[in-house]
>>> print(open('start_37.cif').read())   # mmCIF, C-alpha atoms
data_final
#
loop_
_atom_site.label_atom_id
_atom_site.label_comp_id
_atom_site.auth_asym_id
_atom_site.auth_seq_id
_atom_site.Cartn_x
_atom_site.Cartn_y
_atom_site.Cartn_z
CA MET A 21 28.39 101.91 166.25
CA SER A 22 26.04 104.08 168.21
CA THR A 23 24.87 107.59 167.46
CA PRO A 24 28.01 109.78 167.60
CA GLY A 25 28.52 111.26 171.04
CA LEU A 26 25.90 109.07 172.74
CA ASP A 27 28.47 107.61 175.16
CA GLY A 28 31.46 109.77 174.34
CA TYR A 29 32.80 107.51 171.62
CA THR A 30 32.37 107.76 167.88
CA GLU A 31 33.72 105.24 165.37
CA PRO A 32 36.56 106.86 163.41
CA TRP A 33 35.15 105.58 160.12
CA ARG A 34 31.59 106.71 160.71
CA LYS A 35 29.99 109.26 158.36
CA PRO A 36 26.52 110.86 158.23
CA GLU A 37 25.43 108.24 155.69
CA HIS A 38 26.07 105.55 158.31
CA ASP A 39 23.82 107.39 160.74
CA ASP A 40 21.04 107.51 158.16
CA LEU A 41 21.46 103.81 157.47
CA ALA A 42 21.39 103.03 161.18
CA GLU A 43 18.14 104.93 161.65
CA LEU A 44 16.50 103.11 158.73
CA ALA A 45 17.71 99.70 159.91
CA ARG A 46 16.64 100.38 163.50
CA SER A 47 13.16 101.35 162.38
CA PHE A 48 12.83 98.23 160.20
CA PHE A 49 13.95 95.78 162.86
CA THR A 50 12.09 97.31 165.80
CA LYS A 51 8.81 98.12 164.02
CA GLU A 52 8.49 95.42 161.36
CA VAL A 53 10.31 92.33 162.62
CA VAL A 54 10.70 92.33 166.43
CA PRO A 55 6.92 92.52 167.06
CA HIS A 56 6.68 89.05 165.45
CA ALA A 57 9.45 87.53 167.60
CA GLY A 58 7.22 85.15 169.56
CA ARG A 59 5.60 83.72 166.48
CA LEU A 60 8.91 83.42 164.64
CA GLU A 61 10.50 81.52 167.53
CA LYS A 62 7.67 78.98 167.52
CA GLN A 63 7.87 78.77 163.74
CA GLY A 64 11.62 78.14 163.85
CA HIS A 65 12.51 80.30 160.89
CA PRO A 66 11.99 83.89 159.65
CA ASP A 67 9.36 85.08 157.20
CA ARG A 68 10.30 85.43 153.56
CA GLU A 69 8.37 88.67 153.52
CA HIS A 70 10.85 90.21 155.92
CA TYR A 71 13.69 89.53 153.48
CA ARG A 72 11.70 91.09 150.67
CA ARG A 73 10.87 94.10 152.82
CA ALA A 74 14.54 94.54 153.74
CA GLY A 75 15.30 94.43 150.03
CA GLU A 76 12.68 97.07 149.28
CA LEU A 77 14.28 99.36 151.86
CA GLY A 78 17.74 98.86 150.38
CA LEU A 79 19.08 97.02 153.41
CA LEU A 80 20.40 93.97 151.54
CA GLY A 81 23.57 93.87 149.48
CA LEU A 82 24.87 97.13 150.90
CA SER A 83 28.38 96.41 149.61
CA VAL A 84 27.23 94.94 146.28
CA PRO A 85 28.09 97.17 143.29
CA GLU A 86 25.25 99.40 142.15
CA GLN A 87 25.21 97.86 138.66
CA TYR A 88 23.80 94.68 140.21
CA GLY A 89 21.23 96.52 142.31
CA GLY A 90 23.34 96.84 145.45
CA GLY A 91 24.17 99.79 147.63
CA GLY A 92 27.67 100.28 146.26
CA GLY A 93 29.05 100.65 149.77
CA ASP A 94 31.63 98.68 151.71
CA PHE A 95 31.86 96.56 154.84
CA THR A 96 31.28 99.55 157.13
CA HIS A 97 27.72 99.70 155.84
CA GLU A 98 27.21 95.98 156.42
CA ALA A 99 28.60 96.44 159.93
CA VAL A 100 26.10 99.19 160.77
CA LEU A 101 23.21 97.01 159.61
CA LEU A 102 24.30 93.97 161.60
CA HIS A 103 24.99 96.10 164.66
CA GLU A 104 21.50 97.59 164.60
CA GLN A 105 19.96 94.14 164.14
CA THR A 106 21.65 92.89 167.30
CA LEU A 107 20.87 96.05 169.30
CA ALA A 108 17.20 95.63 168.37
CA GLY A 109 17.21 92.07 169.71
CA GLU A 110 16.28 90.70 166.29
CA GLY A 111 17.71 87.25 165.63
CA SER A 112 15.50 85.66 163.00
CA LEU A 113 16.87 87.04 159.74
CA GLY A 114 20.15 85.47 158.63
CA ILE A 115 21.27 88.71 157.02
CA ALA A 116 24.85 88.18 158.20
CA VAL A 117 25.05 85.09 155.99
CA HIS A 118 22.76 86.26 153.20
CA SER A 119 24.15 89.74 152.70
CA GLY A 120 27.42 89.80 154.60
CA ILE A 121 28.80 86.52 153.22
CA VAL A 122 26.94 85.01 150.24
CA THR A 123 26.81 88.19 148.17
CA GLY A 124 30.50 88.68 148.92
CA TYR A 125 31.45 85.36 147.38
CA ILE A 126 29.54 86.07 144.21
CA SER A 127 30.73 89.70 143.97
CA HIS A 128 34.37 88.75 144.44
CA TYR A 129 34.65 85.46 142.57
CA GLY A 130 31.63 85.15 140.31
CA THR A 131 31.88 85.52 136.55
CA GLU A 132 30.05 88.47 135.04
CA GLU A 133 27.24 86.14 134.01
CA GLN A 134 26.97 84.75 137.55
CA ARG A 135 26.86 88.22 139.06
CA GLN A 136 24.11 89.32 136.71
CA GLN A 137 22.14 86.13 137.28
CA TRP A 138 22.19 85.98 141.08
CA LEU A 139 23.08 89.28 142.74
CA PRO A 140 19.91 91.28 141.84
CA GLY A 141 17.67 88.61 143.39
CA LEU A 142 19.74 88.47 146.56
CA VAL A 143 19.72 92.26 146.85
CA SER A 144 15.95 92.47 146.38
CA GLY A 145 15.26 89.71 148.90
CA GLU A 146 13.48 87.61 146.30
CA LEU A 147 16.25 85.05 146.75
CA ILE A 148 17.55 83.91 150.15
CA GLY A 149 21.18 82.85 150.27
CA ALA A 150 23.11 80.31 152.34
CA ILE A 151 26.57 78.79 152.36
CA GLY A 152 27.20 75.09 152.88
CA MET A 153 30.56 74.13 154.39
CA THR A 154 29.94 72.19 157.61
CA GLU A 155 29.31 68.46 157.36
CA PRO A 156 28.14 65.90 159.95
CA ASP A 157 31.67 64.49 160.28
CA GLY A 158 33.54 67.77 160.19
CA GLY A 159 33.07 71.41 161.13
CA SER A 160 36.10 73.67 161.36
CA ASP A 161 38.26 71.26 159.32
CA VAL A 162 37.20 72.47 155.87
CA GLN A 163 39.83 70.36 154.14
CA ALA A 164 38.08 67.18 155.28
CA ILE A 165 34.78 67.74 153.46
CA ARG A 166 33.33 64.67 151.74
CA THR A 167 30.52 66.07 149.61
CA ARG A 168 31.65 65.39 146.07
CA ALA A 169 30.84 66.81 142.65
CA VAL A 170 31.59 64.65 139.62
CA ARG A 171 31.57 66.19 136.16
CA ASN A 172 29.02 64.66 133.81
CA GLY A 173 28.88 66.47 130.50
CA ASP A 174 27.69 70.03 131.11
CA ASP A 175 26.74 69.31 134.71
CA TYR A 176 28.13 68.25 138.06
CA MET A 177 26.48 65.40 139.97
CA VAL A 178 26.60 66.29 143.67
CA THR A 179 26.39 63.72 146.45
CA GLY A 180 26.84 64.27 150.18
CA SER A 181 25.36 66.19 153.09
CA LYS A 182 25.75 69.40 155.06
CA THR A 183 24.56 70.36 158.52
CA PHE A 184 24.14 73.44 160.74
CA ILE A 185 23.40 75.49 157.62
CA THR A 186 22.08 78.93 158.51
CA ASN A 187 19.18 79.87 156.20
CA GLY A 188 19.15 76.26 154.99
CA TYR A 189 15.41 75.81 155.45
CA LEU A 190 14.48 78.80 153.27
CA ALA A 191 17.53 79.02 150.99
CA ASP A 192 16.93 79.53 147.28
CA LEU A 193 20.63 79.84 146.51
CA LEU A 194 23.43 77.87 148.15
CA ILE A 195 27.17 78.40 147.85
CA LEU A 196 28.21 74.76 148.25
CA ALA A 197 31.71 73.53 149.10
CA VAL A 198 32.41 70.26 147.29
CA LYS A 199 35.32 68.03 146.32
CA THR A 200 35.92 68.11 142.57
CA ASP A 201 39.27 66.34 142.91
CA GLN A 202 38.82 63.34 145.19
CA SER A 203 42.56 62.62 145.34
CA ALA A 204 43.44 66.01 146.80
CA LYS A 205 42.58 67.62 150.15
CA ALA A 206 42.37 71.40 150.25
CA ARG A 207 43.46 71.70 146.62
CA GLY A 208 40.51 69.61 145.46
CA ILE A 209 37.74 71.86 146.79
CA SER A 210 35.45 73.90 144.55
CA LEU A 211 32.43 76.11 145.22
CA LEU A 212 29.19 75.62 143.31
CA ILE A 213 26.24 78.00 143.11
CA CYS A 214 23.22 75.75 143.62
CA ASP A 215 19.71 76.83 142.67
CA LEU A 216 17.49 75.23 145.30
CA ARG A 217 14.22 76.76 144.17
CA ASN A 218 11.52 74.13 143.78
CA ASP A 219 13.79 71.57 145.55
CA PRO A 220 15.54 70.03 142.50
CA ALA A 221 15.80 66.28 141.95
CA GLY A 222 18.38 64.69 144.21
CA PHE A 223 18.10 67.43 146.84
CA ARG A 224 16.38 67.14 150.18
CA ARG A 225 16.09 69.51 153.11
CA GLY A 226 16.35 67.74 156.42
CA ARG A 227 14.97 68.80 159.75
CA THR A 228 15.21 72.31 161.08
CA ILE A 229 17.64 71.78 163.92
CA GLU A 230 16.43 72.69 167.41
CA LYS A 231 19.01 74.76 169.27
CA ILE A 232 19.45 76.17 172.76
CA GLY A 233 19.37 79.68 171.28
CA LEU A 234 18.60 81.57 168.08
CA HIS A 235 15.26 79.78 167.93
CA SER A 236 13.79 81.92 165.16
CA ASN A 237 16.84 81.67 162.89
CA ASP A 238 16.56 78.60 160.71
CA THR A 239 19.39 76.10 160.82
CA ALA A 240 18.98 73.00 158.70
CA GLU A 241 20.44 69.79 157.37
CA LEU A 242 20.82 69.46 153.59
CA PHE A 243 21.19 66.22 151.62
CA PHE A 244 22.37 65.66 148.05
CA ASP A 245 21.97 62.44 146.06
CA GLU A 246 23.22 62.91 142.51
CA MET A 247 21.81 66.43 142.42
CA ARG A 248 22.52 67.99 139.04
CA VAL A 249 24.22 71.41 139.02
CA PRO A 250 25.17 73.13 135.74
CA ALA A 251 28.92 73.40 135.24
CA ALA A 252 28.29 77.07 134.46
CA ASN A 253 27.50 77.47 138.16
CA LEU A 254 31.08 76.72 139.21
CA LEU A 255 31.99 79.83 141.19
CA GLY A 256 34.62 81.75 139.28
CA GLY A 257 34.48 79.40 136.31
CA ALA A 258 37.43 77.18 137.34
CA GLU A 259 37.75 74.04 139.46
CA ASN A 260 39.73 73.53 142.66
CA LEU A 261 39.86 77.19 143.73
CA GLY A 262 37.33 76.76 146.53
CA PHE A 263 39.73 76.46 149.45
CA ILE A 264 41.55 79.64 148.45
CA GLN A 265 38.21 81.43 148.03
CA LEU A 266 37.05 80.23 151.45
CA MET A 267 40.27 81.27 153.18
CA GLN A 268 40.14 84.71 151.59
CA GLN A 269 36.55 85.29 152.71
CA LEU A 270 36.71 83.75 156.20
CA PRO A 271 38.31 86.88 157.76
CA GLN A 272 35.19 88.85 156.78
CA GLU A 273 32.94 86.10 158.09
CA ARG A 274 34.76 86.25 161.42
CA LEU A 275 34.52 90.03 161.42
CA VAL A 276 30.76 89.71 160.89
CA ILE A 277 30.60 87.55 164.02
CA ALA A 278 32.72 90.08 165.91
CA VAL A 279 30.32 92.91 165.01
CA GLY A 280 27.44 90.97 166.52
CA ALA A 281 29.49 90.21 169.62
CA VAL A 282 30.26 93.86 170.36
CA ALA A 283 26.66 94.92 169.72
CA ALA A 284 25.45 92.24 172.15
CA MET A 285 27.87 93.46 174.79
CA GLN A 286 26.59 97.01 174.39
CA ARG A 287 22.98 95.88 174.63
CA ALA A 288 23.65 93.76 177.70
CA VAL A 289 25.27 96.68 179.52
CA GLU A 290 22.41 98.99 178.58
CA LEU A 291 19.75 96.52 179.75
CA ALA A 292 21.54 95.73 183.00
CA THR A 293 22.17 99.39 183.78
CA ALA A 294 18.53 100.30 183.21
CA TYR A 295 17.38 97.40 185.40
CA ALA A 296 19.86 98.31 188.14
CA LYS A 297 18.39 101.79 188.30
CA GLU A 298 14.81 100.53 188.61
CA ARG A 299 15.17 97.43 190.80
CA HIS A 300 15.45 97.96 194.56
CA ALA A 301 17.10 95.68 197.11
CA PHE A 302 17.82 96.32 200.78
CA GLY A 303 16.18 99.70 200.61
CA LYS A 304 17.94 101.21 197.61
CA PRO A 305 18.35 100.72 193.85
CA LEU A 306 20.72 97.94 192.79
CA LEU A 307 22.93 100.63 191.27
CA GLY A 308 23.38 101.99 194.77
CA HIS A 309 25.24 98.83 195.79
CA GLN A 310 28.98 98.84 195.23
CA ASN A 311 29.13 95.33 193.76
CA THR A 312 26.59 96.20 191.07
CA ARG A 313 28.50 99.34 190.16
CA MET A 314 31.77 97.43 189.97
CA VAL A 315 30.29 94.76 187.70
CA LEU A 316 28.79 97.31 185.35
CA ALA A 317 32.05 99.29 185.33
CA ASP A 318 33.98 96.17 184.33
CA CYS A 319 31.47 95.28 181.62
CA ALA A 320 31.35 98.82 180.23
CA THR A 321 35.15 98.95 180.11
CA ARG A 322 35.41 95.57 178.36
CA THR A 323 32.79 96.71 175.87
CA ARG A 324 34.55 100.00 175.11
CA ALA A 325 37.90 98.28 174.58
CA SER A 326 36.18 95.74 172.35
CA ARG A 327 34.60 98.45 170.23
CA ILE A 328 37.97 100.11 169.65
CA PHE A 329 39.56 96.79 168.64
CA LEU A 330 36.65 96.05 166.33
CA ASP A 331 36.87 99.47 164.70
CA ASP A 332 40.56 98.94 164.04
CA CYS A 333 39.74 95.63 162.34
CA ILE A 334 36.95 97.22 160.29
CA GLN A 335 39.32 99.92 159.07
CA ARG A 336 41.97 97.34 158.21
CA HIS A 337 39.40 95.33 156.30
CA ALA A 338 38.20 98.39 154.39
CA ARG A 339 41.81 98.93 153.28
CA GLY A 340 42.21 95.26 152.33
CA GLU A 341 44.71 94.73 155.15
CA LEU A 342 42.84 92.46 157.59
CA ASP A 343 44.99 89.35 157.91
CA VAL A 344 43.85 85.90 159.02
CA ALA A 345 45.45 86.09 162.47
CA THR A 346 43.99 89.48 163.35
CA ALA A 347 40.52 88.39 162.22
CA ALA A 348 40.94 85.30 164.39
CA MET A 349 41.94 87.50 167.34
CA ALA A 350 38.81 89.60 166.86
CA LYS A 351 36.54 86.57 166.65
CA LEU A 352 38.20 84.96 169.69
CA TYR A 353 38.45 87.98 171.99
CA LEU A 354 35.11 89.56 171.18
CA THR A 355 32.97 86.42 171.36
CA GLU A 356 34.65 85.41 174.62
CA GLY A 357 33.93 88.93 175.84
CA GLN A 358 30.32 88.70 174.71
CA CYS A 359 29.72 85.54 176.72
CA GLU A 360 31.43 87.00 179.79
CA VAL A 361 29.66 90.36 179.68
CA VAL A 362 26.21 88.87 179.01
CA ASP A 363 26.70 86.37 181.84
CA ARG A 364 27.73 89.04 184.34
CA CYS A 365 24.91 91.32 183.27
CA LEU A 366 22.39 88.49 183.61
CA GLN A 367 23.53 88.02 187.22
CA ILE A 368 22.39 91.56 188.01
CA PHE A 369 18.84 90.53 187.13
CA GLY A 370 18.93 87.73 189.69
CA GLY A 371 16.21 85.12 189.22
CA TYR A 372 14.49 87.24 186.60
CA GLY A 373 17.55 86.94 184.41
CA TYR A 374 16.89 83.22 184.11
CA THR A 375 13.36 83.72 182.84
CA THR A 376 12.35 84.24 179.24
CA GLU A 377 10.42 87.29 180.38
CA TYR A 378 13.60 89.34 180.16
CA PRO A 379 15.65 89.73 176.95
CA ILE A 380 18.93 89.11 178.78
CA ALA A 381 18.02 85.41 179.10
CA LYS A 382 17.65 85.06 175.34
CA MET A 383 20.90 86.92 174.84
CA TYR A 384 22.63 84.44 177.15
CA ALA A 385 21.40 81.45 175.13
CA ASP A 386 22.13 83.12 171.79
CA ALA A 387 25.68 84.07 172.76
CA ARG A 388 27.06 80.58 173.22
CA VAL A 389 27.19 79.63 169.54
CA GLN A 390 29.34 82.65 168.76
CA LYS A 391 32.36 80.73 170.09
CA ILE A 392 31.57 77.80 167.78
CA TYR A 393 30.57 78.84 164.28
CA GLY A 394 32.84 80.62 161.84
CA GLY A 395 35.60 78.33 163.12
CA THR A 396 35.68 77.35 166.79
CA ASN A 397 37.61 79.56 169.18
CA GLU A 398 40.05 76.69 169.65
CA ILE A 399 40.86 76.93 165.94
CA MET A 400 41.17 80.72 166.30
CA ARG A 401 43.85 80.20 168.95
CA GLU A 402 45.70 77.84 166.63
CA LEU A 403 45.60 80.37 163.79
CA ILE A 404 46.94 83.09 166.08
CA ALA A 405 49.68 80.86 167.50
CA ARG A 406 50.98 80.06 164.01
CA VAL A 407 52.16 83.65 163.49
CA LEU A 408 53.79 84.08 166.89
#
>>> encode(input="start_37.cif", output="structure tokens")
Amino acid sequence: MSTPGLDGYTEPWRKPEHDDLAELARSFFTKEVVPHAGRLEKQGHPDREHYRRAGELGLLGLSVPEQYGGGGGDFTHEAVLLHEQTLAGEGSLGIAVHSGIVTGYISHYGTEEQRQQWLPGLVSGELIGAIGMTEPDGGSDVQAIRTRAVRNGDDYMVTGSKTFITNGYLADLLILAVKTDQSAKARGISLLICDLRNDPAGFRRGRTIEKIGLHSNDTAELFFDEMRVPAANLLGGAENLGFIQLMQQLPQERLVIAVGAVAAMQRAVELATAYAKERHAFGKPLLGHQNTRMVLADCATRTRASRIFLDDCIQRHARGELDVATAAMAKLYLTEGQCEVVDRCLQIFGGYGYTTEYPIAKMYADARVQKIYGGTNEIMRELIARVL
């Protein structure tokens, strides 16, 4: 997803409007967010103002219908935005979750009233969205969730806990996976839209979890003790559809992760190549040594192949043809490739690559979680094996 012709490859789906979007997104991330990176990492979460500014620029809800304030585009527009965010080295804003996932759930499954109530605020950045699936006793096994919602008149009483929730610290709106039928497994899951503004009674935000990477992106624990949620906030207006909704949306979530993986690979190759041209060893630039050239050649080739695979998946998704197994392949292959390419590129920097002075070190730490969230890569292998 680079400027057409920059390295001899242009995405087959790319149009001039994508180039304009990329330029706008690049300017926003590099000029308005990245300069605050040090402060945001110490703070442990992004600034709300950056969400609002992204909303003002029209960078949120790119695939949300225009009638709700969105861009009226499709996933290709979301992909360009997320790609530029990674290329800029910006990791604080959870836009992938907020705009690439949360708005999708409400756009696809929300009632008309729910769309009108929540989408404009998410698109403007006035509301920050999160999704709560993972629990302390279970991650990839969605069927095993324990957080329950019991109907009480016109409300649900929610009790349970969630962990590793991206945007959890700042979230105003939470798509929450709960059990509405305690006797069933997957068939008893529903999704609730929870308004977390002003921290409602029965709701508590836990600690912001300290991680080995993504230090400026907030990840939090959430606790519910008889928290009251209006029954009107049941996503789609019917109980026990949550598992189906989750399974239908997870391919896009995994594609979102794959977009970030490929962008990170591109950035790692670019950084390592530039360093290899400047750094001298044994009387000549590192790029003058055969081993360095071979490493960069391998990494560039893996990155190019990954881009082509990703573009095929994006096109399939745009046509509504991206199946679960192919999305799992993309998430598996591209995140494994990201970790490999970043690691090999870091090696070119030598000791400097292990210092926080150079961006490649942060990229190394940030990459590791890509093989975990969105369903672990072990689960991806299982999903792929089922169709063989």
>>> closest_residue(input="start_37.cif", among="A:Gln367, A:Gly109, A:Ser181, A:Arg322", to="Leu306 in chain A", atoms="all atoms listed in the file")
A:Gln367
>>> closest_atom_pairs(input="start_37.cif", of="range 282-334 of chain A", to="range 378-402 of chain A", cutoff="12 Å", atoms="only C-alpha atoms", output="JSON lines")
{"residue": "A:Val282", "atom": "CA", "partner": "A:Ala387", "partner_atom": "CA", "distance": 11.1}
{"residue": "A:Ala283", "atom": "CA", "partner": "A:Met383", "partner_atom": "CA", "distance": 11.1}
{"residue": "A:Ala284", "atom": "CA", "partner": "A:Met383", "partner_atom": "CA", "distance": 7.5}
{"residue": "A:Met285", "atom": "CA", "partner": "A:Met383", "partner_atom": "CA", "distance": 9.6}
{"residue": "A:Gln286", "atom": "CA", "partner": "A:Met383", "partner_atom": "CA", "distance": 11.6}
{"residue": "A:Arg287", "atom": "CA", "partner": "A:Ile380", "partner_atom": "CA", "distance": 8.9}
{"residue": "A:Ala288", "atom": "CA", "partner": "A:Ile380", "partner_atom": "CA", "distance": 6.7}
{"residue": "A:Val289", "atom": "CA", "partner": "A:Ile380", "partner_atom": "CA", "distance": 9.9}
{"residue": "A:Glu290", "atom": "CA", "partner": "A:Ile380", "partner_atom": "CA", "distance": 10.5}
{"residue": "A:Leu291", "atom": "CA", "partner": "A:Ile380", "partner_atom": "CA", "distance": 7.5}
{"residue": "A:Ala292", "atom": "CA", "partner": "A:Ile380", "partner_atom": "CA", "distance": 8.3}
{"residue": "A:Thr293", "atom": "CA", "partner": "A:Ile380", "partner_atom": "CA", "distance": 11.9}
{"residue": "A:Tyr295", "atom": "CA", "partner": "A:Tyr378", "partner_atom": "CA", "distance": 10.3}
>>> closest_atom_pairs(input="start_37.cif", of="range 114-227 of chain A", to="range 92-107 of chain A", cutoff="9 Å", atoms="all atoms listed in the file", output="JSON lines")
{"residue": "A:Ile115", "atom": "CA", "partner": "A:Leu102", "partner_atom": "CA", "distance": 7.6}
{"residue": "A:Ala116", "atom": "CA", "partner": "A:Leu102", "partner_atom": "CA", "distance": 6.7}
{"residue": "A:Ser119", "atom": "CA", "partner": "A:Glu98", "partner_atom": "CA", "distance": 7.9}
{"residue": "A:Gly120", "atom": "CA", "partner": "A:Glu98", "partner_atom": "CA", "distance": 6.4}
>>> write_last_selection(input="start_37.cif", atoms="C-alpha atoms", output="PDB file, keeping the file's coordinate frame")
ATOM      1  CA  ILE A 115      21.270  88.710 157.020  1.00  0.00           C
ATOM      2  CA  ALA A 116      24.850  88.180 158.200  1.00  0.00           C
ATOM      3  CA  SER A 119      24.150  89.740 152.700  1.00  0.00           C
ATOM      4  CA  GLY A 120      27.420  89.800 154.600  1.00  0.00           C
TER       5      GLY A 120
END
>>> resolve_selection(input="start_37.cif", expression="the PyMOL selection byres ((chain A and resi 337) around 10)", output="PyMOL selection string")
chain A and resi 94-96+271-272+275+331-336+338-343+347
>>> closest_atom_pairs(input="start_37.cif", of="range 81-197 of chain A", to="range 211-232 of chain A", cutoff="6 Å", atoms="all atoms listed in the file", output="Markdown table")
| residue | atom | partner | partner_atom | distance |
| --- | --- | --- | --- | --- |
| A:Asp192 | CA | A:Leu216 | CA | 4.8 |
| A:Leu193 | CA | A:Asp215 | CA | 5.0 |
| A:Leu194 | CA | A:Cys214 | CA | 5.0 |
| A:Ile195 | CA | A:Ile213 | CA | 4.8 |
| A:Leu196 | CA | A:Leu212 | CA | 5.1 |
| A:Ala197 | CA | A:Leu211 | CA | 4.7 |
>>> residues_around(input="start_37.cif", residues="Glu76 in chain A", least_positions_apart="4", cutoff="12 Å", atoms="all atoms listed in the file", output="PyMOL selection string")
chain A and resi 44+48+69-72+80-81+89-91+140-146
>>> write_last_selection(input="start_37.cif", atoms="C-alpha atoms", output="mmCIF file, keeping the file's coordinate frame")
data_model
loop_
_atom_site.group_PDB
_atom_site.id
_atom_site.type_symbol
_atom_site.label_atom_id
_atom_site.label_comp_id
_atom_site.auth_asym_id
_atom_site.auth_seq_id
_atom_site.Cartn_x
_atom_site.Cartn_y
_atom_site.Cartn_z
ATOM 1 C CA LEU A 44 16.500 103.110 158.730
ATOM 2 C CA PHE A 48 12.830 98.230 160.200
ATOM 3 C CA GLU A 69 8.370 88.670 153.520
ATOM 4 C CA HIS A 70 10.850 90.210 155.920
ATOM 5 C CA TYR A 71 13.690 89.530 153.480
ATOM 6 C CA ARG A 72 11.700 91.090 150.670
ATOM 7 C CA LEU A 80 20.400 93.970 151.540
ATOM 8 C CA GLY A 81 23.570 93.870 149.480
ATOM 9 C CA GLY A 89 21.230 96.520 142.310
ATOM 10 C CA GLY A 90 23.340 96.840 145.450
ATOM 11 C CA GLY A 91 24.170 99.790 147.630
ATOM 12 C CA PRO A 140 19.910 91.280 141.840
ATOM 13 C CA GLY A 141 17.670 88.610 143.390
ATOM 14 C CA LEU A 142 19.740 88.470 146.560
ATOM 15 C CA VAL A 143 19.720 92.260 146.850
ATOM 16 C CA SER A 144 15.950 92.470 146.380
ATOM 17 C CA GLY A 145 15.260 89.710 148.900
ATOM 18 C CA GLU A 146 13.480 87.610 146.300
#
>>> resolve_selection(input="start_37.cif", expression="the PyMOL selection byres ((chain A and resi 263) around 12)", output="ChimeraX atom specification")
/A:153,161-165,196-200,204-211,255,259-262,264-270
>>> write_last_selection(input="start_37.cif", atoms="C-alpha atoms", output="PDB file, in the frame of the given file")
ATOM      1  CA  MET A 153      30.560  74.130 154.390  1.00  0.00           C
ATOM      2  CA  ASP A 161      38.260  71.260 159.320  1.00  0.00           C
ATOM      3  CA  VAL A 162      37.200  72.470 155.870  1.00  0.00           C
ATOM      4  CA  GLN A 163      39.830  70.360 154.140  1.00  0.00           C
ATOM      5  CA  ALA A 164      38.080  67.180 155.280  1.00  0.00           C
ATOM      6  CA  ILE A 165      34.780  67.740 153.460  1.00  0.00           C
ATOM      7  CA  LEU A 196      28.210  74.760 148.250  1.00  0.00           C
ATOM      8  CA  ALA A 197      31.710  73.530 149.100  1.00  0.00           C
ATOM      9  CA  VAL A 198      32.410  70.260 147.290  1.00  0.00           C
ATOM     10  CA  LYS A 199      35.320  68.030 146.320  1.00  0.00           C
ATOM     11  CA  THR A 200      35.920  68.110 142.570  1.00  0.00           C
ATOM     12  CA  ALA A 204      43.440  66.010 146.800  1.00  0.00           C
ATOM     13  CA  LYS A 205      42.580  67.620 150.150  1.00  0.00           C
ATOM     14  CA  ALA A 206      42.370  71.400 150.250  1.00  0.00           C
ATOM     15  CA  ARG A 207      43.460  71.700 146.620  1.00  0.00           C
ATOM     16  CA  GLY A 208      40.510  69.610 145.460  1.00  0.00           C
ATOM     17  CA  ILE A 209      37.740  71.860 146.790  1.00  0.00           C
ATOM     18  CA  SER A 210      35.450  73.900 144.550  1.00  0.00           C
ATOM     19  CA  LEU A 211      32.430  76.110 145.220  1.00  0.00           C
ATOM     20  CA  LEU A 255      31.990  79.830 141.190  1.00  0.00           C
ATOM     21  CA  GLU A 259      37.750  74.040 139.460  1.00  0.00           C
ATOM     22  CA  ASN A 260      39.730  73.530 142.660  1.00  0.00           C
ATOM     23  CA  LEU A 261      39.860  77.190 143.730  1.00  0.00           C
ATOM     24  CA  GLY A 262      37.330  76.760 146.530  1.00  0.00           C
ATOM     25  CA  ILE A 264      41.550  79.640 148.450  1.00  0.00           C
ATOM     26  CA  GLN A 265      38.210  81.430 148.030  1.00  0.00           C
ATOM     27  CA  LEU A 266      37.050  80.230 151.450  1.00  0.00           C
ATOM     28  CA  MET A 267      40.270  81.270 153.180  1.00  0.00           C
ATOM     29  CA  GLN A 268      40.140  84.710 151.590  1.00  0.00           C
ATOM     30  CA  GLN A 269      36.550  85.290 152.710  1.00  0.00           C
ATOM     31  CA  LEU A 270      36.710  83.750 156.200  1.00  0.00           C
TER      32      LEU A 270
END
>>> residues_around(input="start_37.cif", residues="range 57-59 of chain A", least_positions_apart="4", cutoff="12 Å", atoms="all atoms listed in the file", output="number ranges by chain")
A: 49-53, 63-67, 108-113, 234-237, 376-377, 379, 382
>>> write_last_selection(input="start_37.cif", atoms="C-alpha atoms", output="mmCIF file, keeping the file's coordinate frame")
data_model
loop_
_atom_site.group_PDB
_atom_site.id
_atom_site.type_symbol
_atom_site.label_atom_id
_atom_site.label_comp_id
_atom_site.auth_asym_id
_atom_site.auth_seq_id
_atom_site.Cartn_x
_atom_site.Cartn_y
_atom_site.Cartn_z
ATOM 1 C CA PHE A 49 13.950 95.780 162.860
ATOM 2 C CA THR A 50 12.090 97.310 165.800
ATOM 3 C CA LYS A 51 8.810 98.120 164.020
ATOM 4 C CA GLU A 52 8.490 95.420 161.360
ATOM 5 C CA VAL A 53 10.310 92.330 162.620
ATOM 6 C CA GLN A 63 7.870 78.770 163.740
ATOM 7 C CA GLY A 64 11.620 78.140 163.850
ATOM 8 C CA HIS A 65 12.510 80.300 160.890
ATOM 9 C CA PRO A 66 11.990 83.890 159.650
ATOM 10 C CA ASP A 67 9.360 85.080 157.200
ATOM 11 C CA ALA A 108 17.200 95.630 168.370
ATOM 12 C CA GLY A 109 17.210 92.070 169.710
ATOM 13 C CA GLU A 110 16.280 90.700 166.290
ATOM 14 C CA GLY A 111 17.710 87.250 165.630
ATOM 15 C CA SER A 112 15.500 85.660 163.000
ATOM 16 C CA LEU A 113 16.870 87.040 159.740
ATOM 17 C CA LEU A 234 18.600 81.570 168.080
ATOM 18 C CA HIS A 235 15.260 79.780 167.930
ATOM 19 C CA SER A 236 13.790 81.920 165.160
ATOM 20 C CA ASN A 237 16.840 81.670 162.890
ATOM 21 C CA THR A 376 12.350 84.240 179.240
ATOM 22 C CA GLU A 377 10.420 87.290 180.380
ATOM 23 C CA PRO A 379 15.650 89.730 176.950
ATOM 24 C CA LYS A 382 17.650 85.060 175.340
#
